[in-house]
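Below: coords05.txt (compact mmCIF, N, CA and C atoms)
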```txt
# COMPACT_ATOMS: atom_id res chain seq x y z
N MET N 1 105.89 102.98 102.73
CA MET N 1 107.15 103.50 103.23
C MET N 1 107.38 102.99 104.64
N GLN N 2 108.52 102.39 104.87
CA GLN N 2 108.89 101.91 106.19
C GLN N 2 109.58 103.04 106.95
N ILE N 3 109.24 103.17 108.22
CA ILE N 3 109.89 104.18 109.05
C ILE N 3 110.58 103.43 110.18
N ASP N 4 111.85 103.15 110.01
CA ASP N 4 112.63 102.41 110.99
C ASP N 4 113.98 103.09 111.19
N GLY N 5 114.49 103.03 112.39
CA GLY N 5 115.81 103.54 112.68
C GLY N 5 115.83 105.01 112.98
N PRO N 6 116.91 105.45 113.65
CA PRO N 6 117.00 106.84 114.07
C PRO N 6 117.01 107.85 112.93
N GLN N 7 117.64 107.52 111.82
CA GLN N 7 117.68 108.47 110.70
C GLN N 7 116.29 108.65 110.10
N ALA N 8 115.54 107.55 109.97
CA ALA N 8 114.19 107.64 109.44
C ALA N 8 113.28 108.41 110.38
N VAL N 9 113.47 108.20 111.69
CA VAL N 9 112.67 108.92 112.67
C VAL N 9 112.96 110.41 112.57
N SER N 10 114.24 110.77 112.45
CA SER N 10 114.59 112.18 112.31
C SER N 10 113.95 112.79 111.07
N ALA N 11 113.97 112.05 109.97
CA ALA N 11 113.36 112.54 108.73
C ALA N 11 111.86 112.66 108.88
N ALA N 12 111.26 111.79 109.68
CA ALA N 12 109.81 111.79 109.83
C ALA N 12 109.32 112.94 110.70
N VAL N 13 110.11 113.33 111.69
CA VAL N 13 109.64 114.34 112.63
C VAL N 13 110.30 115.70 112.46
N ALA N 14 111.36 115.80 111.69
CA ALA N 14 112.08 117.06 111.54
C ALA N 14 111.72 117.69 110.21
N PRO N 15 111.73 118.94 110.05
CA PRO N 15 111.93 119.93 111.09
C PRO N 15 110.65 120.17 111.87
N VAL N 16 110.79 120.76 113.04
CA VAL N 16 109.62 121.12 113.83
C VAL N 16 109.07 122.41 113.24
N LEU N 17 107.81 122.38 112.90
CA LEU N 17 107.19 123.51 112.23
C LEU N 17 106.06 124.09 113.07
N ALA N 18 105.75 125.33 112.81
CA ALA N 18 104.60 125.96 113.45
C ALA N 18 103.33 125.33 112.88
N PRO N 19 102.23 125.36 113.63
CA PRO N 19 100.98 124.80 113.13
C PRO N 19 100.59 125.41 111.78
N GLY N 20 100.23 124.57 110.85
CA GLY N 20 99.82 125.03 109.52
C GLY N 20 100.94 125.07 108.50
N GLU N 21 102.20 125.02 108.94
CA GLU N 21 103.32 125.03 108.02
C GLU N 21 103.56 123.62 107.49
N ILE N 22 103.97 123.53 106.25
CA ILE N 22 104.30 122.24 105.65
C ILE N 22 105.74 122.31 105.17
N GLY N 23 106.57 121.42 105.71
CA GLY N 23 107.97 121.37 105.34
C GLY N 23 108.24 120.26 104.34
N VAL N 24 109.46 120.14 103.89
CA VAL N 24 109.85 119.13 102.92
C VAL N 24 109.60 117.73 103.47
N ALA N 25 110.02 117.46 104.70
CA ALA N 25 109.82 116.14 105.30
C ALA N 25 108.34 115.84 105.43
N GLU N 26 107.56 116.85 105.73
CA GLU N 26 106.11 116.68 105.91
C GLU N 26 105.44 116.25 104.61
N THR N 27 105.87 116.77 103.49
CA THR N 27 105.21 116.47 102.23
C THR N 27 105.56 115.08 101.70
N ARG N 28 106.62 114.47 102.19
CA ARG N 28 107.02 113.15 101.72
C ARG N 28 106.23 112.03 102.37
N LEU N 29 105.61 112.28 103.50
CA LEU N 29 104.89 111.24 104.22
C LEU N 29 103.39 111.33 103.96
N THR N 30 102.77 110.19 103.75
CA THR N 30 101.32 110.16 103.63
C THR N 30 100.73 110.00 105.02
N ASP N 31 99.42 110.16 105.12
CA ASP N 31 98.75 109.92 106.39
C ASP N 31 99.01 108.49 106.85
N GLN N 32 99.04 107.56 105.92
CA GLN N 32 99.30 106.15 106.23
C GLN N 32 100.67 106.01 106.91
N ASP N 33 101.67 106.65 106.35
CA ASP N 33 103.02 106.60 106.93
C ASP N 33 103.02 107.20 108.33
N ARG N 34 102.35 108.32 108.49
CA ARG N 34 102.30 108.98 109.80
C ARG N 34 101.61 108.10 110.83
N LEU N 35 100.49 107.49 110.43
CA LEU N 35 99.76 106.62 111.36
C LEU N 35 100.59 105.41 111.77
N GLU N 36 101.32 104.84 110.82
CA GLU N 36 102.18 103.70 111.15
C GLU N 36 103.30 104.12 112.09
N TYR N 37 103.87 105.29 111.86
CA TYR N 37 104.92 105.81 112.73
C TYR N 37 104.38 106.05 114.14
N VAL N 38 103.23 106.71 114.23
CA VAL N 38 102.60 106.97 115.52
C VAL N 38 102.33 105.66 116.24
N GLY N 39 101.83 104.66 115.51
CA GLY N 39 101.57 103.35 116.10
C GLY N 39 102.82 102.72 116.68
N LYS N 40 103.92 102.81 115.96
CA LYS N 40 105.19 102.24 116.45
C LYS N 40 105.66 102.97 117.71
N MET N 41 105.54 104.28 117.72
CA MET N 41 105.96 105.04 118.89
C MET N 41 105.06 104.73 120.09
N LEU N 42 103.75 104.62 119.85
CA LEU N 42 102.83 104.29 120.94
C LEU N 42 103.08 102.89 121.49
N ALA N 43 103.43 101.95 120.62
CA ALA N 43 103.74 100.60 121.08
C ALA N 43 104.95 100.62 122.01
N GLU N 44 105.94 101.43 121.68
CA GLU N 44 107.12 101.55 122.54
C GLU N 44 106.77 102.23 123.87
N LEU N 45 105.96 103.29 123.81
CA LEU N 45 105.53 103.96 125.04
C LEU N 45 104.71 103.02 125.92
N ARG N 46 103.87 102.19 125.29
CA ARG N 46 103.07 101.24 126.05
C ARG N 46 103.98 100.25 126.77
N ARG N 47 105.00 99.77 126.08
CA ARG N 47 105.94 98.84 126.69
C ARG N 47 106.62 99.47 127.90
N LEU N 48 107.04 100.72 127.76
CA LEU N 48 107.71 101.41 128.87
C LEU N 48 106.75 101.63 130.05
N ALA N 49 105.54 102.09 129.77
CA ALA N 49 104.57 102.34 130.84
C ALA N 49 104.20 101.03 131.55
N ASN N 50 104.05 99.96 130.79
CA ASN N 50 103.69 98.67 131.37
C ASN N 50 104.83 98.14 132.24
N ALA N 51 106.07 98.32 131.80
CA ALA N 51 107.23 97.85 132.57
C ALA N 51 107.33 98.58 133.91
N GLU N 52 106.90 99.83 133.93
CA GLU N 52 106.95 100.61 135.17
C GLU N 52 105.69 100.43 136.02
N ARG N 53 104.80 99.55 135.56
CA ARG N 53 103.57 99.21 136.29
C ARG N 53 102.66 100.43 136.50
N HIS N 54 102.37 101.08 135.39
CA HIS N 54 101.42 102.19 135.39
C HIS N 54 100.21 101.75 134.57
N PRO N 55 99.28 101.02 135.17
CA PRO N 55 98.20 100.41 134.40
C PRO N 55 97.27 101.42 133.71
N THR N 56 96.96 102.53 134.35
CA THR N 56 96.06 103.49 133.73
C THR N 56 96.72 104.15 132.52
N LEU N 57 97.97 104.54 132.67
CA LEU N 57 98.71 105.12 131.55
C LEU N 57 98.85 104.11 130.42
N THR N 58 99.16 102.86 130.77
CA THR N 58 99.28 101.80 129.76
C THR N 58 97.97 101.65 129.00
N TYR N 59 96.85 101.67 129.73
CA TYR N 59 95.54 101.54 129.10
C TYR N 59 95.29 102.65 128.08
N PHE N 60 95.53 103.90 128.46
CA PHE N 60 95.27 105.02 127.55
C PHE N 60 96.20 105.00 126.34
N ILE N 61 97.45 104.66 126.56
CA ILE N 61 98.39 104.54 125.43
C ILE N 61 97.93 103.41 124.50
N ASP N 62 97.47 102.31 125.10
CA ASP N 62 96.98 101.18 124.30
C ASP N 62 95.77 101.59 123.46
N MET N 63 94.87 102.38 124.04
CA MET N 63 93.70 102.85 123.29
C MET N 63 94.13 103.74 122.12
N ALA N 64 95.11 104.60 122.34
CA ALA N 64 95.62 105.45 121.26
C ALA N 64 96.28 104.61 120.17
N TYR N 65 97.03 103.59 120.59
CA TYR N 65 97.67 102.67 119.63
C TYR N 65 96.61 101.98 118.78
N LEU N 66 95.58 101.44 119.42
CA LEU N 66 94.52 100.74 118.68
C LEU N 66 93.81 101.68 117.70
N GLU N 67 93.59 102.92 118.10
CA GLU N 67 92.96 103.90 117.21
C GLU N 67 93.85 104.19 116.01
N ALA N 68 95.14 104.39 116.24
CA ALA N 68 96.06 104.66 115.13
C ALA N 68 96.09 103.48 114.16
N MET N 69 96.14 102.26 114.69
CA MET N 69 96.19 101.08 113.82
C MET N 69 94.86 100.88 113.08
N ASP N 70 93.74 101.16 113.75
CA ASP N 70 92.44 101.08 113.07
C ASP N 70 92.37 102.06 111.90
N LEU N 71 92.83 103.28 112.14
CA LEU N 71 92.82 104.29 111.07
C LEU N 71 93.75 103.89 109.93
N ALA N 72 94.93 103.38 110.27
CA ALA N 72 95.88 102.94 109.23
C ALA N 72 95.29 101.80 108.42
N ASN N 73 94.66 100.84 109.09
CA ASN N 73 94.04 99.71 108.38
C ASN N 73 92.87 100.16 107.53
N GLU N 74 92.09 101.11 108.03
CA GLU N 74 90.96 101.66 107.27
C GLU N 74 91.44 102.34 106.00
N ASN N 75 92.50 103.13 106.12
CA ASN N 75 93.09 103.80 104.95
C ASN N 75 93.58 102.78 103.93
N GLU N 76 94.22 101.73 104.44
CA GLU N 76 94.77 100.70 103.56
C GLU N 76 93.65 99.95 102.83
N ARG N 77 92.59 99.60 103.56
CA ARG N 77 91.46 98.87 102.96
C ARG N 77 90.72 99.72 101.93
N SER N 78 90.62 101.02 102.20
CA SER N 78 89.87 101.90 101.31
C SER N 78 90.66 102.21 100.04
N GLY N 79 91.96 101.93 100.07
CA GLY N 79 92.80 102.21 98.91
C GLY N 79 93.19 103.66 98.78
N ARG N 80 92.82 104.47 99.76
CA ARG N 80 93.16 105.89 99.72
C ARG N 80 94.63 106.12 100.01
N GLY N 81 95.22 105.24 100.79
CA GLY N 81 96.60 105.45 101.19
C GLY N 81 96.76 106.57 102.16
N GLY N 82 95.64 107.13 102.63
CA GLY N 82 95.69 108.16 103.63
C GLY N 82 96.03 109.53 103.09
N ASP N 83 95.94 109.73 101.79
CA ASP N 83 96.28 111.03 101.24
C ASP N 83 95.15 112.04 101.39
N GLU N 84 93.93 111.55 101.64
CA GLU N 84 92.80 112.44 101.80
C GLU N 84 92.44 112.53 103.26
N ARG N 85 91.92 113.66 103.67
CA ARG N 85 91.46 113.85 105.03
C ARG N 85 89.98 113.52 105.11
N ASP N 86 89.54 113.06 106.27
CA ASP N 86 88.11 112.83 106.47
C ASP N 86 87.40 114.17 106.47
N ALA N 87 86.17 114.17 105.94
CA ALA N 87 85.40 115.41 105.86
C ALA N 87 84.90 115.83 107.25
N VAL N 88 84.71 114.87 108.13
CA VAL N 88 84.19 115.15 109.46
C VAL N 88 85.33 115.09 110.44
N ALA N 89 85.49 116.15 111.21
CA ALA N 89 86.58 116.17 112.19
C ALA N 89 86.08 115.79 113.55
```
For this file, produce the structure as structure tokens.
Amino acid sequence: MQIDGPQAVSAAVAPVLAPGEIGVAETRLTDQDRLEYVGKMLAELRRLANAERHPTLTYFIDMAYLEAMDLANENERSGRGGDERDAVA
């Protein structure tokens, strides 16, 4: 599932729910979709932080981006599609 454009972003993040609640939009996205969305948002945040010359913030955002992409790639390689949660938190 591709998550591009303002309408897709709204569908991906709305509605805002209390912790533990699962809404309609939430059930349509797999962990893989969520990780890809988070990666795209982090890439944009990294670009903004870097443009404003905030190297420490850029570094931490970059680390979060790399972690999200590693997890997305791991899910893709394992064939799980991210529908299962890791047993170890």
task: Quote the spacing between atom N of Glu36 (chain N) and atom C of Arg53 (chain N) in Å to one decimal place.
output: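 Interatomic distance, atom N of Glu36 (chain N) to atom C of Arg53 (chain N): 26.1 Å.
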query: Can you tell me how far CA of Ile61 (chain N) sits from CA of Arg46 (chain N), in Å to one decimal?
result: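 Interatomic distance, CA of Ile61 (chain N) to CA of Arg46 (chain N): 5.8 Å.
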- prompt: Taking into account only N, CA and C atoms, which residue in the set N:Leu29, N:Leu66, N:Leu57, N:Ala72 is nearest to Leu45 (chain N)?
  reply: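 Smallest distance to Leu45 (chain N) is found for N:Leu57.
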- prompt: What is the atom N of Glu76 (chain N) to atom C of Ala43 (chain N) distance in Å?
  reply: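 Interatomic distance here is 20.6 Å.
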Nearest to Asp31 (chain N), chosen from N:Leu71, N:Gly79, N:Thr56, N:Met63, with all atoms listed in the file counted in the distances: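 With all atoms listed in the file as the atom set, the closest residue is N:Leu71.
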